[in-house]
>>> print(open('work.pdb').read())   # PDB, C-alpha atoms
ATOM      1  CA  MET R   1      82.682 121.711 126.946
ATOM      2  CA  LYS R   2      85.064 118.819 127.590
ATOM      3  CA  LEU R   3      85.678 116.416 124.721
ATOM      4  CA  LYS R   4      85.680 112.680 125.393
ATOM      5  CA  THR R   5      88.482 110.751 123.696
ATOM      6  CA  ARG R   6      87.390 107.193 122.937
ATOM      7  CA  ARG R   7      90.607 105.840 121.426
ATOM      8  CA  THR R   8      93.879 106.975 119.886
ATOM      9  CA  PHE R   9      96.226 105.741 117.164
ATOM     10  CA  SER R  10      99.857 106.505 116.357
ATOM     11  CA  ILE R  11     101.163 105.415 112.969
ATOM     12  CA  VAL R  12     104.897 105.651 112.243
ATOM     13  CA  THR R  13     106.604 104.996 108.914
ATOM     14  CA  ASP R  14     110.317 105.178 108.200
ATOM     15  CA  ARG R  15     111.424 105.276 104.559
ATOM     16  CA  TYR R  16     115.011 104.178 103.963
ATOM     17  CA  GLU R  17     115.190 104.419 100.186
ATOM     18  CA  GLU R  18     113.357 105.732  97.155
ATOM     19  CA  ALA R  19     113.888 104.776  93.515
ATOM     20  CA  GLY R  20     116.677 102.418  94.550
ATOM     21  CA  ARG R  21     118.641 105.215  96.225
ATOM     22  CA  PRO R  22     119.345 104.783  99.964
ATOM     23  CA  ALA R  23     118.593 107.809 102.126
ATOM     24  CA  ALA R  24     121.410 109.388 104.126
ATOM     25  CA  THR R  25     118.847 109.759 106.918
ATOM     26  CA  PRO R  26     115.520 107.908 106.904
ATOM     27  CA  LEU R  27     112.377 109.969 106.351
ATOM     28  CA  ARG R  28     110.012 109.514 109.273
ATOM     29  CA  LYS R  29     106.325 110.298 108.865
ATOM     30  CA  VAL R  30     103.868 110.010 111.715
ATOM     31  CA  ALA R  31     100.119 110.272 111.968
ATOM     32  CA  VAL R  32      98.488 110.682 115.347
ATOM     33  CA  VAL R  33      94.751 110.253 115.642
ATOM     34  CA  ALA R  34      92.314 111.000 118.443
ATOM     35  CA  VAL R  35      88.834 109.568 117.978
ATOM     36  CA  ILE R  36      86.450 111.652 120.023
ATOM     37  CA  GLU R  37      82.771 111.517 120.791
ATOM     38  CA  ASN R  38      80.939 114.093 118.674
ATOM     39  CA  PRO R  39      78.760 116.065 121.100
ATOM     40  CA  PHE R  40      76.904 117.618 118.137
ATOM     41  CA  ALA R  41      75.988 114.349 116.382
ATOM     42  CA  THR R  42      72.337 114.995 117.130
ATOM     43  CA  GLY R  43      71.008 115.117 113.588
ATOM     44  CA  GLN R  44      69.989 118.723 114.197
ATOM     45  CA  TYR R  45      71.671 121.843 112.837
ATOM     46  CA  ILE R  46      73.563 123.756 115.548
ATOM     47  CA  GLU R  47      74.445 127.328 114.689
ATOM     48  CA  ASP R  48      77.113 128.039 117.311
ATOM     49  CA  LEU R  49      80.124 125.723 117.046
ATOM     50  CA  SER R  50      82.353 127.873 119.275
ATOM     51  CA  PRO R  51      82.210 125.294 122.119
ATOM     52  CA  LEU R  52      83.972 122.833 119.791
ATOM     53  CA  VAL R  53      86.598 125.420 118.857
ATOM     54  CA  GLU R  54      87.290 126.164 122.529
ATOM     55  CA  ALA R  55      87.381 122.464 123.457
ATOM     56  CA  SER R  56      89.937 121.803 120.722
ATOM     57  CA  VAL R  57      92.744 123.469 122.715
ATOM     58  CA  PRO R  58      93.158 120.586 125.221
ATOM     59  CA  LEU R  59      92.752 118.172 122.303
ATOM     60  CA  GLY R  60      95.645 119.945 120.566
ATOM     61  CA  ARG R  61      97.777 119.465 123.685
ATOM     62  CA  GLU R  62      96.901 115.751 123.798
ATOM     63  CA  ILE R  63      97.780 115.307 120.134
ATOM     64  CA  ALA R  64     101.009 117.306 120.591
ATOM     65  CA  GLN R  65     102.205 114.845 123.252
ATOM     66  CA  MET R  66     101.370 111.897 121.011
ATOM     67  CA  ALA R  67     103.130 113.495 118.033
ATOM     68  CA  VAL R  68     106.351 114.250 119.907
ATOM     69  CA  ALA R  69     106.420 110.687 121.282
ATOM     70  CA  ALA R  70     105.876 109.226 117.796
ATOM     71  CA  LEU R  71     108.636 111.387 116.276
ATOM     72  CA  GLY R  72     111.124 110.075 118.825
ATOM     73  CA  SER R  73     114.573 111.531 118.151
ATOM     74  CA  TYR R  74     113.458 113.102 114.857
ATOM     75  CA  LYS R  75     112.505 116.782 114.514
ATOM     76  CA  ALA R  76     109.450 117.879 112.578
ATOM     77  CA  GLN R  77     109.913 119.785 109.322
ATOM     78  CA  GLY R  78     106.500 119.251 107.722
ATOM     79  CA  TYR R  79     102.914 118.918 108.873
ATOM     80  CA  GLY R  80      99.273 118.546 107.908
ATOM     81  CA  LYS R  81      95.934 117.934 109.602
ATOM     82  CA  GLY R  82      92.536 116.492 108.910
ATOM     83  CA  GLY R  83      89.421 114.890 110.242
ATOM     84  CA  ILE R  84      86.778 112.331 109.432
ATOM     85  CA  VAL R  85      83.318 112.985 110.852
ATOM     86  CA  GLY R  86      81.042 110.003 111.429
ATOM     87  CA  MET R  87      77.775 109.831 109.504
ATOM     88  CA  GLY R  88      75.791 111.299 112.409
ATOM     89  CA  GLY R  89      77.677 114.593 112.218
ATOM     90  CA  GLU R  90      78.565 117.164 109.607
ATOM     91  CA  PHE R  91      81.694 118.410 107.867
ATOM     92  CA  GLU R  92      81.777 121.612 109.893
ATOM     93  CA  HIS R  93      82.185 119.699 113.156
ATOM     94  CA  ALA R  94      85.703 118.627 112.133
ATOM     95  CA  ALA R  95      86.490 122.090 110.774
ATOM     96  CA  ALA R  96      85.645 123.595 114.181
ATOM     97  CA  LEU R  97      88.170 121.268 115.825
ATOM     98  CA  LEU R  98      90.996 122.053 113.387
ATOM     99  CA  THR R  99      91.405 125.823 113.736
ATOM    100  CA  THR R 100      94.517 127.747 114.795
ATOM    101  CA  VAL R 101      93.791 127.388 118.527
ATOM    102  CA  PHE R 102      93.884 123.586 118.129
ATOM    103  CA  ALA R 103      97.162 123.689 116.182
ATOM    104  CA  ASN R 104      99.049 126.161 118.387
ATOM    105  CA  PRO R 105      99.870 123.623 121.160
ATOM    106  CA  ILE R 106     101.281 121.338 118.461
ATOM    107  CA  ARG R 107     103.353 124.169 116.993
ATOM    108  CA  ASP R 108     104.706 124.905 120.474
ATOM    109  CA  ALA R 109     105.589 121.239 121.070
ATOM    110  CA  ILE R 110     107.475 120.783 117.789
ATOM    111  CA  GLY R 111     109.391 124.045 117.955
ATOM    112  CA  GLY R 112     107.621 126.571 115.791
ATOM    113  CA  GLY R 113     105.560 126.277 112.718
ATOM    114  CA  GLU R 114     104.901 129.594 111.025
ATOM    115  CA  ALA R 115     103.234 128.314 107.861
ATOM    116  CA  TRP R 116      99.538 127.632 107.490
ATOM    117  CA  ILE R 117      98.705 123.958 107.870
ATOM    118  CA  SER R 118      97.111 122.205 104.924
ATOM    119  CA  SER R 119      93.982 120.263 105.816
ATOM    120  CA  MET R 120      91.460 117.692 104.617
ATOM    121  CA  THR R 121      88.104 116.811 106.167
ATOM    122  CA  LYS R 122      85.213 114.585 105.169
ATOM    123  CA  VAL R 123      82.063 112.927 106.457
ATOM    124  CA  ALA R 124      82.352 109.170 106.057
ATOM    125  CA  PRO R 125      81.798 105.747 107.653
ATOM    126  CA  PRO R 126      84.542 103.656 109.347
ATOM    127  CA  GLY R 127      87.260 102.386 107.044
ATOM    128  CA  THR R 128      87.066 105.293 104.583
ATOM    129  CA  PRO R 129      90.529 106.329 103.328
ATOM    130  CA  ILE R 130      91.687 109.907 103.791
ATOM    131  CA  ASP R 131      94.713 111.674 102.315
ATOM    132  CA  ILE R 132      96.279 114.268 104.614
ATOM    133  CA  PRO R 133      98.307 116.849 102.627
ATOM    134  CA  MET R 134     101.487 118.158 104.198
ATOM    135  CA  ASN R 135     103.771 121.149 103.685
ATOM    136  CA  HIS R 136     106.846 122.684 105.336
ATOM    137  CA  LYS R 137     106.059 123.875 108.854
ATOM    138  CA  ASP R 138     107.684 127.292 108.458
ATOM    139  CA  ASP R 139     107.140 128.231 104.828
ATOM    140  CA  VAL R 140     104.516 126.859 102.502
ATOM    141  CA  TYR R 141     106.688 127.597  99.457
ATOM    142  CA  VAL R 142     109.284 124.907 100.249
ATOM    143  CA  ARG R 143     108.351 122.538  97.391
ATOM    144  CA  SER R 144     110.483 119.650  98.647
ATOM    145  CA  HIS R 145     108.095 119.220 101.581
ATOM    146  CA  TYR R 146     104.851 118.937  99.584
ATOM    147  CA  ASP R 147     103.880 115.466 100.722
ATOM    148  CA  GLY R 148     101.120 113.614 102.517
ATOM    149  CA  MET R 149      99.933 110.506 104.287
ATOM    150  CA  SER R 150      97.129 108.170 103.294
ATOM    151  CA  LEU R 151      95.271 106.625 106.217
ATOM    152  CA  THR R 152      92.499 104.110 106.689
ATOM    153  CA  LEU R 153      91.062 103.753 110.179
ATOM    154  CA  PRO R 154      89.299 100.376 110.173
ATOM    155  CA  ASP R 155      86.994 101.064 113.122
ATOM    156  CA  ALA R 156      86.624 104.837 113.049
ATOM    157  CA  PRO R 157      84.700 106.985 113.063
ATOM    158  CA  PHE R 158      81.414 105.552 114.308
ATOM    159  CA  PRO R 159      78.349 107.706 113.480
ATOM    160  CA  ASP R 160      78.701 109.720 116.719
ATOM    161  CA  GLU R 161      82.478 110.197 116.486
ATOM    162  CA  ILE R 162      85.109 112.415 114.872
ATOM    163  CA  ALA R 163      88.616 111.204 114.067
ATOM    164  CA  ILE R 164      91.036 114.129 114.360
ATOM    165  CA  ILE R 165      94.350 113.537 112.582
ATOM    166  CA  PHE R 166      97.691 115.331 112.687
ATOM    167  CA  CYS R 167     100.629 114.269 110.498
ATOM    168  CA  LEU R 168     104.297 115.221 110.718
ATOM    169  CA  SER R 169     107.337 114.544 108.557
ATOM    170  CA  SER R 170     110.987 114.739 109.567
ATOM    171  CA  ALA R 171     112.359 115.980 106.244
ATOM    172  CA  ALA R 172     111.740 116.573 102.575
ATOM    173  CA  ARG R 173     110.574 113.845 100.221
ATOM    174  CA  LEU R 174     113.432 111.483  99.496
ATOM    175  CA  ASN R 175     115.184 112.519  96.271
ATOM    176  CA  ALA R 176     113.265 115.846  96.113
ATOM    177  CA  ARG R 177     114.709 117.774  93.186
ATOM    178  CA  VAL R 178     112.181 120.213  91.720
ATOM    179  CA  GLY R 179     113.967 123.343  92.930
ATOM    180  CA  GLY R 180     112.642 126.355  94.775
ATOM    181  CA  LEU R 181     113.114 127.557  98.325
ATOM    182  CA  THR R 182     114.921 125.052 100.565
ATOM    183  CA  HIS R 183     114.563 124.044 104.190
ATOM    184  CA  ASP R 184     118.088 125.340 104.920
ATOM    185  CA  GLU R 185     117.230 128.750 103.430
ATOM    186  CA  VAL R 186     114.136 128.996 105.645
ATOM    187  CA  VAL R 187     116.163 128.060 108.740
ATOM    188  CA  ALA R 188     118.802 130.701 107.878
ATOM    189  CA  ARG R 189     116.133 133.368 107.291
ATOM    190  CA  MET R 190     114.487 132.592 110.634
ATOM    191  CA  ALA R 191     117.857 132.678 112.437
ATOM    192  CA  GLY R 192     118.555 136.098 110.888
ATOM    193  CA  ARG R 193     115.202 137.369 112.079
ATOM    194  CA  ALA R 194     115.858 136.090 115.592
ATOM    195  CA  LYS R 195     119.172 138.025 115.765
ATOM    196  CA  ALA R 196     117.604 141.280 114.550
TER     197      ALA R 196
END
>>> encode(input="work.pdb", output="C-alpha cells")
Amino acid sequence: MKLKTRRTFSIVTDRYEEAGRPAATPLRKVAVVAVIENPFATGQYIEDLSPLVEASVPLGREIAQMAVAALGSYKAQGYGKGGIVGMGGEFEHAAALLTTVFANPIRDAIGGGEAWISSMTKVAPPGTPIDIPMNHKDDVYVRSHYDGMSLTLPDAPFPDEIAIIFCLSSAARLNARVGGLTHDEVVARMAGRAKA
C-alpha cells in the first residue's frame, strides 16, 4: 500500500526567555505534520491493519526530512508523536501509522533516539486541538525534557484523512530545575557505552 499525502505543515517556535529570564540559547520546538488520505475510512471494520504499519515506513522518511529541515542548525534532544483521525476513520488507524517502524527513520535522521516516544491520538473533526507530549530522545527519565506542543490544524483532518504529527525540541524546558537525570549525564553514559 502506498499512502497519499494531501498536504504538509511545519510549525517552528523559538523561545528566547521564560519568567523574565533570557535563555543562553533559544529553545526551538518544531511540529511537522503530514495529512494523508485514510485508505481505511470506509465505515467498515477492517481486522488487518498491517498494510498501514508497512506503509508508515516511507511516511516516517518523509517526516524525517521535514523535521531536520525545520530544526535547521539545532539538534534534537526531545521528541513526541501523535495523530488525529478524521471522523470517517477510527483511533486505531493512527496507532497503526505511529509504531516503531514509522519512528525509526526519524531516529536515524536526528542521530539516535533510544527512549520510547510518548504519543497522543484521537478521532476528531478539523480544527480540534491536540497536545503532543514530549520526552528526552535517549532516556525517558530526564525530567527536564518533559514538555509538549499544542497544535490546532484549521483544515485537517477531513473525514477521510489522518494527520500524522511528529514534534521535536532542541533542549530542556527553559529554567528546568526539578532535578533528576540530566541530558549531559545521558550523553556521557552513551559515550561510555560506545567506547566499550
>>> residues_around(input="work.pdb", residues="Phe166 (chain R)", least_positions_apart="6", cutoff="8 Å", atoms="all atoms listed in the file", output="number ranges by chain")
R: 31-33, 63, 67, 79-82
>>> atom_distance(input="work.pdb", atom1="CA of Phe102 (chain R)", atom2="CA of His136 (chain R)")
18.2 Å
>>> resolve_selection(input="work.pdb", expression="the PyMOL selection byres ((chain R and resi 11-15) around 6)", output="PyMOL selection string")
chain R and resi 10+16-17+26-31
>>> closest_residue(input="work.pdb", among="R:Val53, R:Ala76, R:Val123, R:Ala69", to="Ala163 (chain R)", atoms="all atoms listed in the file")
R:Val123
>>> resolve_selection(input="work.pdb", expression="the PyMOL selection byres ((chain R and resi 177) around 12)", output="ChimeraX atom specification")
/R:142-146,172-176,178-182
>>> resolve_selection(input="work.pdb", expression="the PyMOL selection byres ((chain R and resi 40) around 9)", output="compact mmCIF listing (two decimals) with C-alpha atoms, keeping the file's coordinate frame")
# COMPACT_ATOMS: atom_id res chain seq x y z
CA GLU R 37 82.77 111.52 120.79
CA ASN R 38 80.94 114.09 118.67
CA PRO R 39 78.76 116.06 121.10
CA ALA R 41 75.99 114.35 116.38
CA THR R 42 72.34 115.00 117.13
CA GLY R 43 71.01 115.12 113.59
CA GLN R 44 69.99 118.72 114.20
CA TYR R 45 71.67 121.84 112.84
CA ILE R 46 73.56 123.76 115.55
CA LEU R 49 80.12 125.72 117.05
CA LEU R 52 83.97 122.83 119.79
CA GLY R 88 75.79 111.30 112.41
CA GLY R 89 77.68 114.59 112.22
CA GLU R 90 78.56 117.16 109.61
CA HIS R 93 82.18 119.70 113.16
CA ASP R 160 78.70 109.72 116.72
>>> residues_near_point(input="work.pdb", point="(103.0, 119.2, 104.7)", cutoff="9 Å", atoms="only C-alpha atoms", output="list in words")
Gln77, Gly78, Tyr79, Gly80, Lys81, Ile117, Ser118, Ile132, Pro133, Met134, Asn135, His136, Lys137, Val140, His145, Tyr146, Asp147, Gly148, Cys167, Leu168 and Ser169 of chain R
>>> write_last_selection(input="work.pdb", atoms="C-alpha atoms", output="PDB file, in the coordinates of the input")
ATOM      1  CA  GLN R  77     109.913 119.785 109.322  1.00  0.00           C
ATOM      2  CA  GLY R  78     106.500 119.251 107.722  1.00  0.00           C
ATOM      3  CA  TYR R  79     102.914 118.918 108.873  1.00  0.00           C
ATOM      4  CA  GLY R  80      99.273 118.546 107.908  1.00  0.00           C
ATOM      5  CA  LYS R  81      95.934 117.934 109.602  1.00  0.00           C
ATOM      6  CA  ILE R 117      98.705 123.958 107.870  1.00  0.00           C
ATOM      7  CA  SER R 118      97.111 122.205 104.924  1.00  0.00           C
ATOM      8  CA  ILE R 132      96.279 114.268 104.614  1.00  0.00           C
ATOM      9  CA  PRO R 133      98.307 116.849 102.627  1.00  0.00           C
ATOM     10  CA  MET R 134     101.487 118.158 104.198  1.00  0.00           C
ATOM     11  CA  ASN R 135     103.771 121.149 103.685  1.00  0.00           C
ATOM     12  CA  HIS R 136     106.846 122.684 105.336  1.00  0.00           C
ATOM     13  CA  LYS R 137     106.059 123.875 108.854  1.00  0.00           C
ATOM     14  CA  VAL R 140     104.516 126.859 102.502  1.00  0.00           C
ATOM     15  CA  HIS R 145     108.095 119.220 101.581  1.00  0.00           C
ATOM     16  CA  TYR R 146     104.851 118.937  99.584  1.00  0.00           C
ATOM     17  CA  ASP R 147     103.880 115.466 100.722  1.00  0.00           C
ATOM     18  CA  GLY R 148     101.120 113.614 102.517  1.00  0.00           C
ATOM     19  CA  CYS R 167     100.629 114.269 110.498  1.00  0.00           C
ATOM     20  CA  LEU R 168     104.297 115.221 110.718  1.00  0.00           C
ATOM     21  CA  SER R 169     107.337 114.544 108.557  1.00  0.00           C
TER      22      SER R 169
END
>>> residues_around(input="work.pdb", residues="region 125-127 of chain R", least_positions_apart="3", cutoff="12 Å", atoms="all atoms listed in the file", output="PyMOL selection string")
chain R and resi 35+84-89+122+130+151-163
>>> atom_distance(input="work.pdb", atom1="CA of Asn104 (chain R)", atom2="CA of Arg61 (chain R)")
8.6 Å
>>> closest_residue(input="work.pdb", among="R:Pro105, R:Asp131, R:Pro58, R:Ile36", to="Phe9 (chain R)", atoms="only C-alpha atoms")
R:Ile36
>>> closest_residue(input="work.pdb", among="R:Ser50, R:Tyr74, R:Gln65, R:Thr5", to="Glu92 (chain R)", atoms="all atoms listed in the file")
R:Ser50
>>> closest_residue(input="work.pdb", among="R:Ala96, R:Val186, R:Met120, R:Ala34", to="Leu59 (chain R)", atoms="all atoms listed in the file")
R:Ala34
>>> decode(input="work.pdb", residues="region 153-191 of chain R", atoms="C-alpha atoms", output="PDB file, in the first residue's frame")
ATOM      1  CA  LEU R 153      -4.848  22.301  12.369  1.00  0.00           C
ATOM      2  CA  PRO R 154      -7.603  24.535  10.979  1.00  0.00           C
ATOM      3  CA  ASP R 155      -8.367  22.443   7.893  1.00  0.00           C
ATOM      4  CA  ALA R 156      -7.348  18.950   8.961  1.00  0.00           C
ATOM      5  CA  PRO R 157      -8.240  16.211   9.108  1.00  0.00           C
ATOM      6  CA  PHE R 158     -11.197  15.857   6.756  1.00  0.00           C
ATOM      7  CA  PRO R 159     -13.362  12.758   7.412  1.00  0.00           C
ATOM      8  CA  ASP R 160     -11.238  10.592   5.074  1.00  0.00           C
ATOM      9  CA  GLU R 161      -7.859  11.840   6.330  1.00  0.00           C
ATOM     10  CA  ILE R 162      -5.313  11.276   9.094  1.00  0.00           C
ATOM     11  CA  ALA R 163      -2.972  13.999  10.328  1.00  0.00           C
ATOM     12  CA  ILE R 164       0.288  12.404  11.478  1.00  0.00           C
ATOM     13  CA  ILE R 165       2.358  14.653  13.747  1.00  0.00           C
ATOM     14  CA  PHE R 166       5.947  14.490  14.965  1.00  0.00           C
ATOM     15  CA  CYS R 167       7.381  17.062  17.390  1.00  0.00           C
ATOM     16  CA  LEU R 168      10.989  17.767  18.336  1.00  0.00           C
ATOM     17  CA  SER R 169      12.661  20.037  20.871  1.00  0.00           C
ATOM     18  CA  SER R 170      16.245  21.276  20.862  1.00  0.00           C
ATOM     19  CA  ALA R 171      16.769  21.315  24.629  1.00  0.00           C
ATOM     20  CA  ALA R 172      15.211  21.125  28.055  1.00  0.00           C
ATOM     21  CA  ARG R 173      12.419  23.426  29.172  1.00  0.00           C
ATOM     22  CA  LEU R 174      13.806  26.876  29.846  1.00  0.00           C
ATOM     23  CA  ASN R 175      14.619  27.245  33.552  1.00  0.00           C
ATOM     24  CA  ALA R 176      14.101  23.492  34.201  1.00  0.00           C
ATOM     25  CA  ARG R 177      15.069  22.887  37.815  1.00  0.00           C
ATOM     26  CA  VAL R 178      13.260  19.873  39.275  1.00  0.00           C
ATOM     27  CA  GLY R 179      16.351  17.671  39.482  1.00  0.00           C
ATOM     28  CA  GLY R 180      16.909  14.125  38.323  1.00  0.00           C
ATOM     29  CA  LEU R 181      18.948  12.679  35.491  1.00  0.00           C
ATOM     30  CA  THR R 182      20.368  15.313  33.123  1.00  0.00           C
ATOM     31  CA  HIS R 183      20.910  15.456  29.386  1.00  0.00           C
ATOM     32  CA  ASP R 184      24.690  15.711  29.924  1.00  0.00           C
ATOM     33  CA  GLU R 185      24.676  12.561  32.084  1.00  0.00           C
ATOM     34  CA  VAL R 186      22.819  10.642  29.362  1.00  0.00           C
ATOM     35  CA  VAL R 187      25.285  11.839  26.707  1.00  0.00           C
ATOM     36  CA  ALA R 188      28.245  10.780  28.897  1.00  0.00           C
ATOM     37  CA  ARG R 189      26.690   7.358  29.574  1.00  0.00           C
ATOM     38  CA  MET R 190      26.103   6.785  25.857  1.00  0.00           C
ATOM     39  CA  ALA R 191      29.671   7.869  25.015  1.00  0.00           C
TER      40      ALA R 191
END
